[in-house]
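Q: Provided herewith: model00.cif, mmCIF, C-alpha atoms.
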```cif
data_query
#
loop_
_atom_site.group_PDB
_atom_site.id
_atom_site.type_symbol
_atom_site.label_atom_id
_atom_site.label_comp_id
_atom_site.auth_asym_id
_atom_site.auth_seq_id
_atom_site.Cartn_x
_atom_site.Cartn_y
_atom_site.Cartn_z
ATOM 1 C CA MET D 1 0.000 0.000 0.000
ATOM 2 C CA ALA D 2 2.558 2.604 1.074
ATOM 3 C CA MET D 3 4.875 1.991 -1.858
ATOM 4 C CA GLU D 4 2.130 2.137 -4.510
ATOM 5 C CA GLY D 5 -0.765 3.989 -2.868
ATOM 6 C CA SER D 6 -1.649 7.623 -3.354
ATOM 7 C CA PRO D 7 -1.006 10.096 -0.520
ATOM 8 C CA ARG D 8 -4.760 10.041 0.193
ATOM 9 C CA GLN D 9 -4.826 6.240 0.469
ATOM 10 C CA ILE D 10 -1.745 6.174 2.665
ATOM 11 C CA SER D 11 -3.040 8.941 4.926
ATOM 12 C CA ASN D 12 -6.505 7.400 5.273
ATOM 13 C CA SER D 13 -5.048 3.964 6.020
ATOM 14 C CA ILE D 14 -2.706 5.088 8.787
ATOM 15 C CA MET D 15 -5.415 7.393 10.185
ATOM 16 C CA ALA D 16 -7.890 4.497 10.362
ATOM 17 C CA LYS D 17 -5.337 2.373 12.221
ATOM 18 C CA ALA D 18 -4.714 5.200 14.683
ATOM 19 C CA GLN D 19 -8.423 5.848 15.240
ATOM 20 C CA LEU D 20 -8.992 2.149 15.893
ATOM 21 C CA GLY D 21 -5.994 2.007 18.201
ATOM 22 C CA GLN D 22 -4.421 -0.761 16.102
ATOM 23 C CA LYS D 23 -0.686 -1.018 15.727
ATOM 24 C CA ALA D 24 0.654 -0.399 12.242
ATOM 25 C CA GLU D 25 4.279 -1.463 12.500
ATOM 26 C CA ILE D 26 4.818 -2.238 8.820
ATOM 27 C CA LEU D 27 2.723 0.598 7.364
ATOM 28 C CA GLY D 28 4.060 3.140 9.857
ATOM 29 C CA GLY D 29 7.612 2.033 9.192
ATOM 30 C CA LEU D 30 7.158 2.359 5.434
ATOM 31 C CA ILE D 31 5.643 5.831 5.742
ATOM 32 C CA CYS D 32 8.720 6.944 7.657
ATOM 33 C CA THR D 33 11.057 5.837 4.869
ATOM 34 C CA GLU D 34 12.443 8.595 2.698
ATOM 35 C CA PHE D 35 10.746 7.298 -0.458
ATOM 36 C CA VAL D 36 7.212 7.269 0.954
ATOM 37 C CA ALA D 37 7.652 10.395 3.098
ATOM 38 C CA GLU D 38 8.842 12.292 0.038
ATOM 39 C CA LYS D 39 5.886 11.046 -1.997
ATOM 40 C CA MET D 40 3.506 12.109 0.785
ATOM 41 C CA VAL D 41 4.854 15.591 1.205
ATOM 42 C CA LEU D 42 5.467 16.389 -2.462
ATOM 43 C CA SER D 43 2.311 14.877 -3.956
ATOM 44 C CA GLY D 44 -0.108 15.035 -1.057
ATOM 45 C CA THR D 45 -2.089 17.928 0.316
ATOM 46 C CA ALA D 46 -1.339 19.720 3.579
ATOM 47 C CA ARG D 47 -4.317 17.889 5.073
ATOM 48 C CA TYR D 48 -2.852 14.474 4.223
ATOM 49 C CA MET D 49 0.497 15.500 5.664
ATOM 50 C CA ARG D 50 -1.135 16.703 8.882
ATOM 51 C CA THR D 51 -3.296 13.594 9.228
ATOM 52 C CA THR D 52 -0.378 11.285 8.566
ATOM 53 C CA PHE D 53 1.789 13.103 11.090
ATOM 54 C CA TRP D 54 -0.976 12.906 13.695
ATOM 55 C CA ALA D 55 -1.474 9.177 13.083
ATOM 56 C CA LEU D 56 2.255 8.429 13.277
ATOM 57 C CA GLU D 57 2.480 10.330 16.567
ATOM 58 C CA THR D 58 -0.649 8.642 17.927
ATOM 59 C CA LEU D 59 0.728 5.211 17.115
ATOM 60 C CA GLY D 60 4.097 6.036 18.672
ATOM 61 C CA HIS D 61 6.212 5.858 15.510
ATOM 62 C CA ASP D 62 9.521 7.653 15.267
ATOM 63 C CA ALA D 63 8.416 10.193 12.711
ATOM 64 C CA LYS D 64 11.676 12.151 12.562
ATOM 65 C CA GLY D 65 12.247 11.139 8.939
ATOM 66 C CA PHE D 66 8.777 12.375 8.062
ATOM 67 C CA ALA D 67 9.442 15.589 10.006
ATOM 68 C CA GLY D 68 12.670 16.070 8.091
ATOM 69 C CA MET D 69 10.783 15.852 4.825
ATOM 70 C CA LEU D 70 8.265 18.449 6.054
ATOM 71 C CA ASP D 71 11.084 20.871 6.713
ATOM 72 C CA GLN D 72 12.537 20.711 3.208
ATOM 73 C CA GLU D 73 12.263 24.134 1.604
ATOM 74 C CA LYS D 74 9.882 23.237 -1.234
ATOM 75 C CA VAL D 75 7.675 21.166 1.065
ATOM 76 C CA ALA D 76 7.516 23.833 3.786
ATOM 77 C CA GLU D 77 6.716 26.414 1.107
ATOM 78 C CA LYS D 78 3.833 24.247 -0.132
ATOM 79 C CA LEU D 79 2.566 23.796 3.414
ATOM 80 C CA VAL D 80 2.453 27.517 4.248
ATOM 81 C CA ARG D 81 1.039 28.418 0.814
ATOM 82 C CA GLU D 82 -1.676 25.744 0.542
ATOM 83 C CA GLY D 83 -2.217 24.616 4.099
ATOM 84 C CA THR D 84 -4.650 25.913 6.637
ATOM 85 C CA PRO D 85 -3.442 27.337 9.941
ATOM 86 C CA GLY D 86 -4.502 23.975 11.406
ATOM 87 C CA SER D 87 -2.192 22.123 8.998
ATOM 88 C CA VAL D 88 0.684 24.437 9.823
ATOM 89 C CA ALA D 89 -0.037 24.028 13.559
ATOM 90 C CA ALA D 90 -0.096 20.229 13.321
ATOM 91 C CA SER D 91 3.151 20.158 11.360
ATOM 92 C CA ILE D 92 5.193 22.586 13.461
ATOM 93 C CA GLY D 93 3.590 21.094 16.586
ATOM 94 C CA ALA D 94 4.729 17.608 15.658
ATOM 95 C CA MET D 95 8.228 18.893 14.955
ATOM 96 C CA ALA D 96 8.319 20.560 18.389
ATOM 97 C CA LYS D 97 6.991 17.446 20.099
ATOM 98 C CA LEU D 98 9.639 15.322 18.377
ATOM 99 C CA GLY D 99 12.338 17.864 19.201
ATOM 100 C CA ARG D 100 13.062 18.271 15.500
ATOM 101 C CA ASP D 101 14.465 21.721 14.734
ATOM 102 C CA SER D 102 13.006 23.582 11.786
ATOM 103 C CA LYS D 103 15.346 25.402 9.450
ATOM 104 C CA ASN D 104 12.724 26.230 6.822
ATOM 105 C CA LEU D 105 9.156 25.941 8.143
ATOM 106 C CA ALA D 106 9.628 28.036 11.304
ATOM 107 C CA PRO D 107 11.117 31.067 9.512
ATOM 108 C CA MET D 108 8.376 30.839 6.866
ATOM 109 C CA ILE D 109 5.729 30.991 9.597
ATOM 110 C CA ASP D 110 7.086 34.383 10.645
ATOM 111 C CA ARG D 111 6.659 35.920 7.188
ATOM 112 C CA GLU D 112 4.160 38.783 7.091
ATOM 113 C CA SER D 113 1.821 36.971 4.664
ATOM 114 C CA VAL D 114 1.889 33.642 6.529
ATOM 115 C CA ALA D 115 1.679 35.113 10.040
ATOM 116 C CA GLY D 116 -1.205 37.322 8.901
ATOM 117 C CA LYS D 117 -3.080 34.327 7.496
ATOM 118 C CA ILE D 118 -2.550 32.423 10.756
ATOM 119 C CA VAL D 119 -3.817 35.277 12.940
ATOM 120 C CA ARG D 120 -6.779 36.138 10.670
ATOM 121 C CA HIS D 121 -7.967 32.621 9.827
ATOM 122 C CA GLY D 122 -6.583 30.391 12.561
ATOM 123 C CA THR D 123 -8.572 29.149 15.504
ATOM 124 C CA PRO D 124 -7.298 30.098 18.959
ATOM 125 C CA GLN D 125 -6.184 26.471 19.335
ATOM 126 C CA SER D 126 -4.124 26.450 16.120
ATOM 127 C CA ILE D 127 -2.645 29.869 16.915
ATOM 128 C CA ALA D 128 -1.688 28.756 20.430
ATOM 129 C CA LYS D 129 -0.140 25.544 19.090
ATOM 130 C CA ILE D 130 1.918 27.411 16.493
ATOM 131 C CA ILE D 131 3.294 30.025 18.881
ATOM 132 C CA TRP D 132 3.894 27.395 21.599
ATOM 133 C CA SER D 133 5.782 25.218 19.094
ATOM 134 C CA MET D 134 7.869 28.143 17.903
ATOM 135 C CA ALA D 135 8.803 28.914 21.533
ATOM 136 C CA LYS D 136 9.585 25.262 22.273
ATOM 137 C CA LEU D 137 11.873 25.139 19.245
ATOM 138 C CA GLY D 138 13.430 28.486 20.252
ATOM 139 C CA HIS D 139 12.494 30.373 17.077
ATOM 140 C CA LYS D 140 12.014 34.112 17.511
ATOM 141 C CA THR D 141 8.851 35.367 15.857
ATOM 142 C CA ASN D 142 8.811 39.125 15.554
ATOM 143 C CA VAL D 143 6.012 39.323 12.973
ATOM 144 C CA LEU D 144 3.750 36.634 14.463
ATOM 145 C CA THR D 145 4.117 37.828 18.061
ATOM 146 C CA GLY D 146 3.491 41.410 16.984
ATOM 147 C CA LEU D 147 0.302 40.448 15.169
ATOM 148 C CA LEU D 148 -0.869 38.274 18.067
ATOM 149 C CA ASP D 149 -0.501 41.154 20.468
ATOM 150 C CA SER D 150 -2.825 43.399 18.475
ATOM 151 C CA ASP D 151 -6.126 44.313 20.110
ATOM 152 C CA GLU D 152 -8.059 42.432 17.423
ATOM 153 C CA ALA D 153 -6.108 39.187 17.879
ATOM 154 C CA ALA D 154 -6.201 39.466 21.663
ATOM 155 C CA GLN D 155 -9.990 39.979 21.580
ATOM 156 C CA LYS D 156 -10.401 36.952 19.299
ATOM 157 C CA MET D 157 -8.339 34.821 21.695
ATOM 158 C CA ALA D 158 -10.356 36.055 24.684
ATOM 159 C CA ARG D 159 -13.702 35.602 22.921
ATOM 160 C CA ASP D 160 -13.183 32.272 21.147
ATOM 161 C CA GLY D 161 -10.286 30.608 22.950
ATOM 162 C CA THR D 162 -10.099 28.423 26.009
ATOM 163 C CA PRO D 163 -8.120 29.329 29.117
ATOM 164 C CA GLN D 164 -5.530 26.789 27.946
ATOM 165 C CA ASN D 165 -5.178 28.491 24.528
ATOM 166 C CA PHE D 166 -4.768 31.828 26.278
ATOM 167 C CA ALA D 167 -2.221 30.500 28.797
ATOM 168 C CA ASN D 168 -0.161 28.693 26.153
ATOM 169 C CA THR D 169 -0.065 31.793 23.961
ATOM 170 C CA ILE D 170 1.016 34.117 26.768
ATOM 171 C CA TRP D 171 3.629 31.609 28.006
ATOM 172 C CA ALA D 172 5.066 31.199 24.511
ATOM 173 C CA MET D 173 5.194 34.920 23.872
ATOM 174 C CA ALA D 174 6.957 35.484 27.211
ATOM 175 C CA LYS D 175 9.427 32.683 26.454
ATOM 176 C CA LEU D 176 10.163 34.366 23.131
ATOM 177 C CA GLY D 177 10.866 37.638 24.962
ATOM 178 C CA HIS D 178 7.675 39.422 23.931
ATOM 179 C CA LYS D 179 5.761 41.293 26.635
ATOM 180 C CA ALA D 180 2.316 40.400 25.237
ATOM 181 C CA LYS D 181 0.823 43.649 26.538
ATOM 182 C CA GLY D 182 -2.468 43.271 24.648
ATOM 183 C CA LEU D 183 -3.032 39.741 25.891
ATOM 184 C CA ALA D 184 -1.823 40.548 29.402
ATOM 185 C CA ARG D 185 -4.305 43.455 29.644
ATOM 186 C CA LEU D 186 -7.100 41.041 28.839
ATOM 187 C CA LEU D 187 -6.167 38.767 31.752
ATOM 188 C CA ASP D 188 -7.786 41.357 34.035
ATOM 189 C CA SER D 189 -10.899 41.758 31.893
ATOM 190 C CA ASP D 190 -14.268 40.361 32.960
ATOM 191 C CA ALA D 191 -14.565 38.209 29.816
ATOM 192 C CA VAL D 192 -11.298 36.387 30.436
ATOM 193 C CA ALA D 193 -11.577 36.291 34.221
ATOM 194 C CA GLN D 194 -14.980 34.590 33.963
ATOM 195 C CA LYS D 195 -13.584 31.928 31.608
ATOM 196 C CA ILE D 196 -10.685 31.157 33.949
#
```
Now, as a test, write the supplied structure out as structure tokens.
A:
Amino acid sequence: MAMEGSPRQISNSIMAKAQLGQKAEILGGLICTEFVAEKMVLSGTARYMRTTFWALETLGHDAKGFAGMLDQEKVAEKLVREGTPGSVAASIGAMAKLGRDSKNLAPMIDRESVAGKIVRHGTPQSIAKIIWSMAKLGHKTNVLTGLLDSDEAAQKMARDGTPQNFANTIWAMAKLGHKAKGLARLLDSDAVAQKI
């Protein structure tokens, strides 16, 4: 399957195994080979990459080879161009969880166009996961942190996010050396205080 299947077939198969809680030693191992990982990331969609990464993590596979493929320049470019903020969050989040540094994806996330898309269209959960992952990997994010600290982004986080999203975002921004004044002001607001 993994050697001949399409990225969609591979992703759906490993996802089904993960959802059922069934081990997938052979399939998971094949996905983590350079040949299949390259096929997945170059021919698949951001959604298939994210789903496959999630399934590999869920099943406990060493997905460092897959993470390495995600961080190749042309693959990372495809991910930030075509992927949703959720796809970007899942990918950079998996890299952070695996302790896999990002030479290409992390700097691309801090581009004005990409950071703007994340803040405008991302859910509070995906935003929190991205900024937390960037902090865990030690990547400074001047553009993303600046946009997140705007009144509009802070209000969105307070209105739609959970206390955990809020806490993770503030922690990450502090770890990255950003004062998070807009978010910190909201900690004392009635809307946020009632949620906490």
Q: For the atom pair CA of Asp151 in chain D and CA of Gly182 in chain D, what is the interatomic distance in Å to one decimal place?
A: 5.9 Å
Q: Please determine, counting all atoms listed in the file, which residue among D:Gly116, D:Gly86, D:Gly68, D:Pro7 has the shortest atom-to-atom distance to Ser102 in chain D.
A: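 Checking each candidate against Ser102 in chain D, we get D:Gly68 as the closest.
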Q: What is the distance between CA of Leu20 in chain D and CA of His61 in chain D, in Å to one decimal?
A: 15.7 Å
Q: Expressed in Å to a single decimal, how great is the separation between CA of Met157 in chain D and CA of Arg185 in chain D?
A: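 Separating CA of Met157 in chain D from CA of Arg185 in chain D is a distance of 12.4 Å.
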Q: Can you list what the PyMOL selection byres ((chain D and resi 133) around 9) grabs from this structure, as a ChimeraX atom specification?
A: /D:89,92-97,128-132,134-139,172
Q: Restricting the output to C-alpha atoms, write the selected residues as an mmCIF file, in the coordinates of the input.
A:
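Saved to again32.cif:
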```
data_model
loop_
_atom_site.group_PDB
_atom_site.id
_atom_site.type_symbol
_atom_site.label_atom_id
_atom_site.label_comp_id
_atom_site.auth_asym_id
_atom_site.auth_seq_id
_atom_site.Cartn_x
_atom_site.Cartn_y
_atom_site.Cartn_z
ATOM 1 C CA ALA D 89 -0.037 24.028 13.559
ATOM 2 C CA ILE D 92 5.193 22.586 13.461
ATOM 3 C CA GLY D 93 3.590 21.094 16.586
ATOM 4 C CA ALA D 94 4.729 17.608 15.658
ATOM 5 C CA MET D 95 8.228 18.893 14.955
ATOM 6 C CA ALA D 96 8.319 20.560 18.389
ATOM 7 C CA LYS D 97 6.991 17.446 20.099
ATOM 8 C CA ALA D 128 -1.688 28.756 20.430
ATOM 9 C CA LYS D 129 -0.140 25.544 19.090
ATOM 10 C CA ILE D 130 1.918 27.411 16.493
ATOM 11 C CA ILE D 131 3.294 30.025 18.881
ATOM 12 C CA TRP D 132 3.894 27.395 21.599
ATOM 13 C CA MET D 134 7.869 28.143 17.903
ATOM 14 C CA ALA D 135 8.803 28.914 21.533
ATOM 15 C CA LYS D 136 9.585 25.262 22.273
ATOM 16 C CA LEU D 137 11.873 25.139 19.245
ATOM 17 C CA GLY D 138 13.430 28.486 20.252
ATOM 18 C CA HIS D 139 12.494 30.373 17.077
ATOM 19 C CA ALA D 172 5.066 31.199 24.511
#
```
Q: For Leu79 in chain D, which residue among D:Asn142, D:Ser43, D:Asn168, D:Ser13 is the nearest when counting all atoms listed in the file?
A: D:Ser43
Q: Can you report as lines of an AutoDock Vina configuration file the centre and edge lengths in Å, to one decimal, of an axis-aligned box around the listed atoms of range 27-32 of chain D padded with 6 Å on each side?
A:
```
center_x = 5.7
center_y = 3.8
center_z = 7.6
size_x = 18.0
size_y = 18.3
size_z = 16.4
```
Q: I'd like the contact shell of Arg47 in chain D - 10 Å cut-off, only C-alpha atoms, skipping same-chain residues fewer than 2 positions apart - returned as a CSV table (one decimal) with C-alpha atoms, keeping the file's coordinate frame.
A:
```csv
chain,number,residue,atom,x,y,z
D,8,ARG,CA,-4.8,10.0,0.2
D,11,SER,CA,-3.0,8.9,4.9
D,44,GLY,CA,-0.1,15.0,-1.1
D,45,THR,CA,-2.1,17.9,0.3
D,49,MET,CA,0.5,15.5,5.7
D,50,ARG,CA,-1.1,16.7,8.9
D,51,THR,CA,-3.3,13.6,9.2
D,52,THR,CA,-0.4,11.3,8.6
D,53,PHE,CA,1.8,13.1,11.1
D,79,LEU,CA,2.6,23.8,3.4
D,82,GLU,CA,-1.7,25.7,0.5
D,83,GLY,CA,-2.2,24.6,4.1
D,84,THR,CA,-4.6,25.9,6.6
D,86,GLY,CA,-4.5,24.0,11.4
D,87,SER,CA,-2.2,22.1,9.0
D,88,VAL,CA,0.7,24.4,9.8
D,90,ALA,CA,-0.1,20.2,13.3
```
Q: What's the 6 Å shell around range 143-150 of chain D, counting only C-alpha atoms, without same-chain residues fewer than 6 positions away, as a PyMOL selection string?
A: chain D and resi 110+115+180+182
Q: Deliver the residues from the most recent selection as a file, using C-alpha atoms, as a JSON list (two decimals), keeping the file's coordinate frame.
A:
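File again.json, as written:
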```json
[["chain", "number", "residue", "atom", "x", "y", "z"],
["D", 110, "ASP", "CA", 7.09, 34.38, 10.64],
["D", 115, "ALA", "CA", 1.68, 35.11, 10.04],
["D", 180, "ALA", "CA", 2.32, 40.40, 25.24],
["D", 182, "GLY", "CA", -2.47, 43.27, 24.65]]
```
Q: Which residue is closest to Lys17 in chain D? Choose from D:Asn165, D:Leu59, D:Gly65, D:Cys32 and count all atoms listed in the file.
A: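 Selected residue with least distance to Lys17 in chain D: D:Leu59.
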Q: Give me, as a JSON list (two decimals) with C-alpha atoms, in the coordinates of the input, all polymer residues having an atom no more than 12 Å from Lys23 in chain D, counting only C-alpha atoms and skipping those fewer than 3 positions away in the same chain.
A:
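Result file is around27.json:
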```
[["chain", "number", "residue", "atom", "x", "y", "z"],
["D", 13, "SER", "CA", -5.05, 3.96, 6.02],
["D", 14, "ILE", "CA", -2.71, 5.09, 8.79],
["D", 15, "MET", "CA", -5.42, 7.39, 10.18],
["D", 16, "ALA", "CA", -7.89, 4.50, 10.36],
["D", 17, "LYS", "CA", -5.34, 2.37, 12.22],
["D", 18, "ALA", "CA", -4.71, 5.20, 14.68],
["D", 19, "GLN", "CA", -8.42, 5.85, 15.24],
["D", 20, "LEU", "CA", -8.99, 2.15, 15.89],
["D", 26, "ILE", "CA", 4.82, -2.24, 8.82],
["D", 27, "LEU", "CA", 2.72, 0.60, 7.36],
["D", 28, "GLY", "CA", 4.06, 3.14, 9.86],
["D", 29, "GLY", "CA", 7.61, 2.03, 9.19],
["D", 55, "ALA", "CA", -1.47, 9.18, 13.08],
["D", 56, "LEU", "CA", 2.26, 8.43, 13.28],
["D", 57, "GLU", "CA", 2.48, 10.33, 16.57],
["D", 58, "THR", "CA", -0.65, 8.64, 17.93],
["D", 59, "LEU", "CA", 0.73, 5.21, 17.11],
["D", 60, "GLY", "CA", 4.10, 6.04, 18.67],
["D", 61, "HIS", "CA", 6.21, 5.86, 15.51]]
```
Q: Which residue out of D:Leu70, D:Ala63, D:Leu183, D:Ala174 has the minimum interatomic distance to Arg159 in chain D when all atoms listed in the file are used?
A: D:Leu183
Q: Skipping near chain neighbours, those fewer than 5 positions away, what residues fall within 9 Å of Lys156 in chain D using only C-alpha atoms, listed as a PyMOL selection string?
A: chain D and resi 123-124+151+161
Q: Go through D:Val36, D:Met173, D:Ala24, D:Met108 and flag the residue nearest Gly5 in chain D, using all atoms listed in the file for the distances.
A: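 The answer is D:Val36, which sits nearest to Gly5 in chain D.
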Q: Kindly write all heavy atoms of range 54-64 of chain D from the structure just given to a file, as an mmCIF file, in the first residue's frame.
A:
```cif
data_model
loop_
_atom_site.group_PDB
_atom_site.id
_atom_site.type_symbol
_atom_site.label_atom_id
_atom_site.label_comp_id
_atom_site.auth_asym_id
_atom_site.auth_seq_id
_atom_site.Cartn_x
_atom_site.Cartn_y
_atom_site.Cartn_z
ATOM 1 N N TRP D 54 -0.187 13.175 12.488
ATOM 2 C CA TRP D 54 -0.976 12.906 13.695
ATOM 3 C C TRP D 54 -1.049 11.405 13.961
ATOM 4 O O TRP D 54 -0.853 10.941 15.090
ATOM 5 C CB TRP D 54 -2.395 13.474 13.542
ATOM 6 C CG TRP D 54 -3.306 12.999 14.629
ATOM 7 C CD1 TRP D 54 -3.434 13.525 15.881
ATOM 8 C CD2 TRP D 54 -4.175 11.863 14.571
ATOM 9 N NE1 TRP D 54 -4.337 12.792 16.605
ATOM 10 C CE2 TRP D 54 -4.809 11.764 15.822
ATOM 11 C CE3 TRP D 54 -4.493 10.927 13.588
ATOM 12 C CZ2 TRP D 54 -5.734 10.760 16.113
ATOM 13 C CZ3 TRP D 54 -5.403 9.930 13.876
ATOM 14 C CH2 TRP D 54 -6.019 9.856 15.129
ATOM 15 N N ALA D 55 -1.339 10.625 12.915
ATOM 16 C CA ALA D 55 -1.474 9.177 13.083
ATOM 17 C C ALA D 55 -0.151 8.545 13.508
ATOM 18 O O ALA D 55 -0.126 7.676 14.392
ATOM 19 C CB ALA D 55 -1.982 8.544 11.793
ATOM 20 N N LEU D 56 0.947 8.970 12.897
ATOM 21 C CA LEU D 56 2.255 8.429 13.277
ATOM 22 C C LEU D 56 2.561 8.731 14.736
ATOM 23 O O LEU D 56 3.029 7.864 15.480
ATOM 24 C CB LEU D 56 3.354 8.993 12.370
ATOM 25 C CG LEU D 56 3.345 8.495 10.924
ATOM 26 C CD1 LEU D 56 4.303 9.326 10.069
ATOM 27 C CD2 LEU D 56 3.680 7.009 10.840
ATOM 28 N N GLU D 57 2.278 9.959 15.160
ATOM 29 C CA GLU D 57 2.480 10.330 16.567
ATOM 30 C C GLU D 57 1.595 9.504 17.485
ATOM 31 O O GLU D 57 2.041 9.005 18.511
ATOM 32 C CB GLU D 57 2.128 11.801 16.784
ATOM 33 C CG GLU D 57 3.191 12.772 16.412
ATOM 34 C CD GLU D 57 2.805 14.163 16.882
ATOM 35 O OE1 GLU D 57 1.635 14.570 16.735
ATOM 36 O OE2 GLU D 57 3.684 14.836 17.419
ATOM 37 N N THR D 58 0.313 9.379 17.110
ATOM 38 C CA THR D 58 -0.649 8.642 17.927
ATOM 39 C C THR D 58 -0.229 7.193 18.112
ATOM 40 O O THR D 58 -0.390 6.616 19.190
ATOM 41 C CB THR D 58 -2.058 8.720 17.287
ATOM 42 O OG1 THR D 58 -2.429 10.098 17.207
ATOM 43 C CG2 THR D 58 -3.084 7.964 18.091
ATOM 44 N N LEU D 59 0.315 6.613 17.068
ATOM 45 C CA LEU D 59 0.728 5.211 17.115
ATOM 46 C C LEU D 59 2.131 5.029 17.693
ATOM 47 O O LEU D 59 2.607 3.904 17.815
ATOM 48 C CB LEU D 59 0.643 4.590 15.719
ATOM 49 C CG LEU D 59 -0.776 4.464 15.169
ATOM 50 C CD1 LEU D 59 -0.746 4.084 13.697
ATOM 51 C CD2 LEU D 59 -1.572 3.436 15.980
ATOM 52 N N GLY D 60 2.792 6.113 18.034
ATOM 53 C CA GLY D 60 4.097 6.036 18.672
ATOM 54 C C GLY D 60 5.263 5.746 17.739
ATOM 55 O O GLY D 60 6.296 5.244 18.176
ATOM 56 N N HIS D 61 5.117 6.077 16.460
ATOM 57 C CA HIS D 61 6.212 5.858 15.510
ATOM 58 C C HIS D 61 7.230 6.982 15.606
ATOM 59 O O HIS D 61 6.891 8.124 15.896
ATOM 60 C CB HIS D 61 5.692 5.784 14.069
ATOM 61 C CG HIS D 61 4.983 4.518 13.779
ATOM 62 N ND1 HIS D 61 5.645 3.347 13.488
ATOM 63 C CD2 HIS D 61 3.666 4.210 13.754
ATOM 64 C CE1 HIS D 61 4.769 2.379 13.288
ATOM 65 N NE2 HIS D 61 3.557 2.886 13.458
ATOM 66 N N ASP D 62 8.473 6.648 15.345
ATOM 67 C CA ASP D 62 9.521 7.653 15.267
ATOM 68 C C ASP D 62 9.362 8.346 13.924
ATOM 69 O O ASP D 62 9.756 7.827 12.890
ATOM 70 C CB ASP D 62 10.900 7.008 15.380
ATOM 71 C CG ASP D 62 12.023 8.017 15.272
ATOM 72 O OD1 ASP D 62 11.737 9.234 15.276
ATOM 73 O OD2 ASP D 62 13.183 7.597 15.182
ATOM 74 N N ALA D 63 8.756 9.496 13.951
ATOM 75 C CA ALA D 63 8.416 10.193 12.711
ATOM 76 C C ALA D 63 9.445 11.256 12.341
ATOM 77 O O ALA D 63 9.149 12.171 11.596
ATOM 78 C CB ALA D 63 7.028 10.814 12.845
ATOM 79 N N LYS D 64 10.667 11.130 12.846
ATOM 80 C CA LYS D 64 11.676 12.151 12.562
ATOM 81 C C LYS D 64 12.002 12.231 11.080
ATOM 82 O O LYS D 64 12.240 13.313 10.551
ATOM 83 C CB LYS D 64 12.928 11.913 13.392
ATOM 84 C CG LYS D 64 12.708 12.249 14.846
ATOM 85 C CD LYS D 64 13.959 12.152 15.665
ATOM 86 C CE LYS D 64 13.610 12.524 17.101
ATOM 87 N NZ LYS D 64 14.743 12.466 17.972
#
```
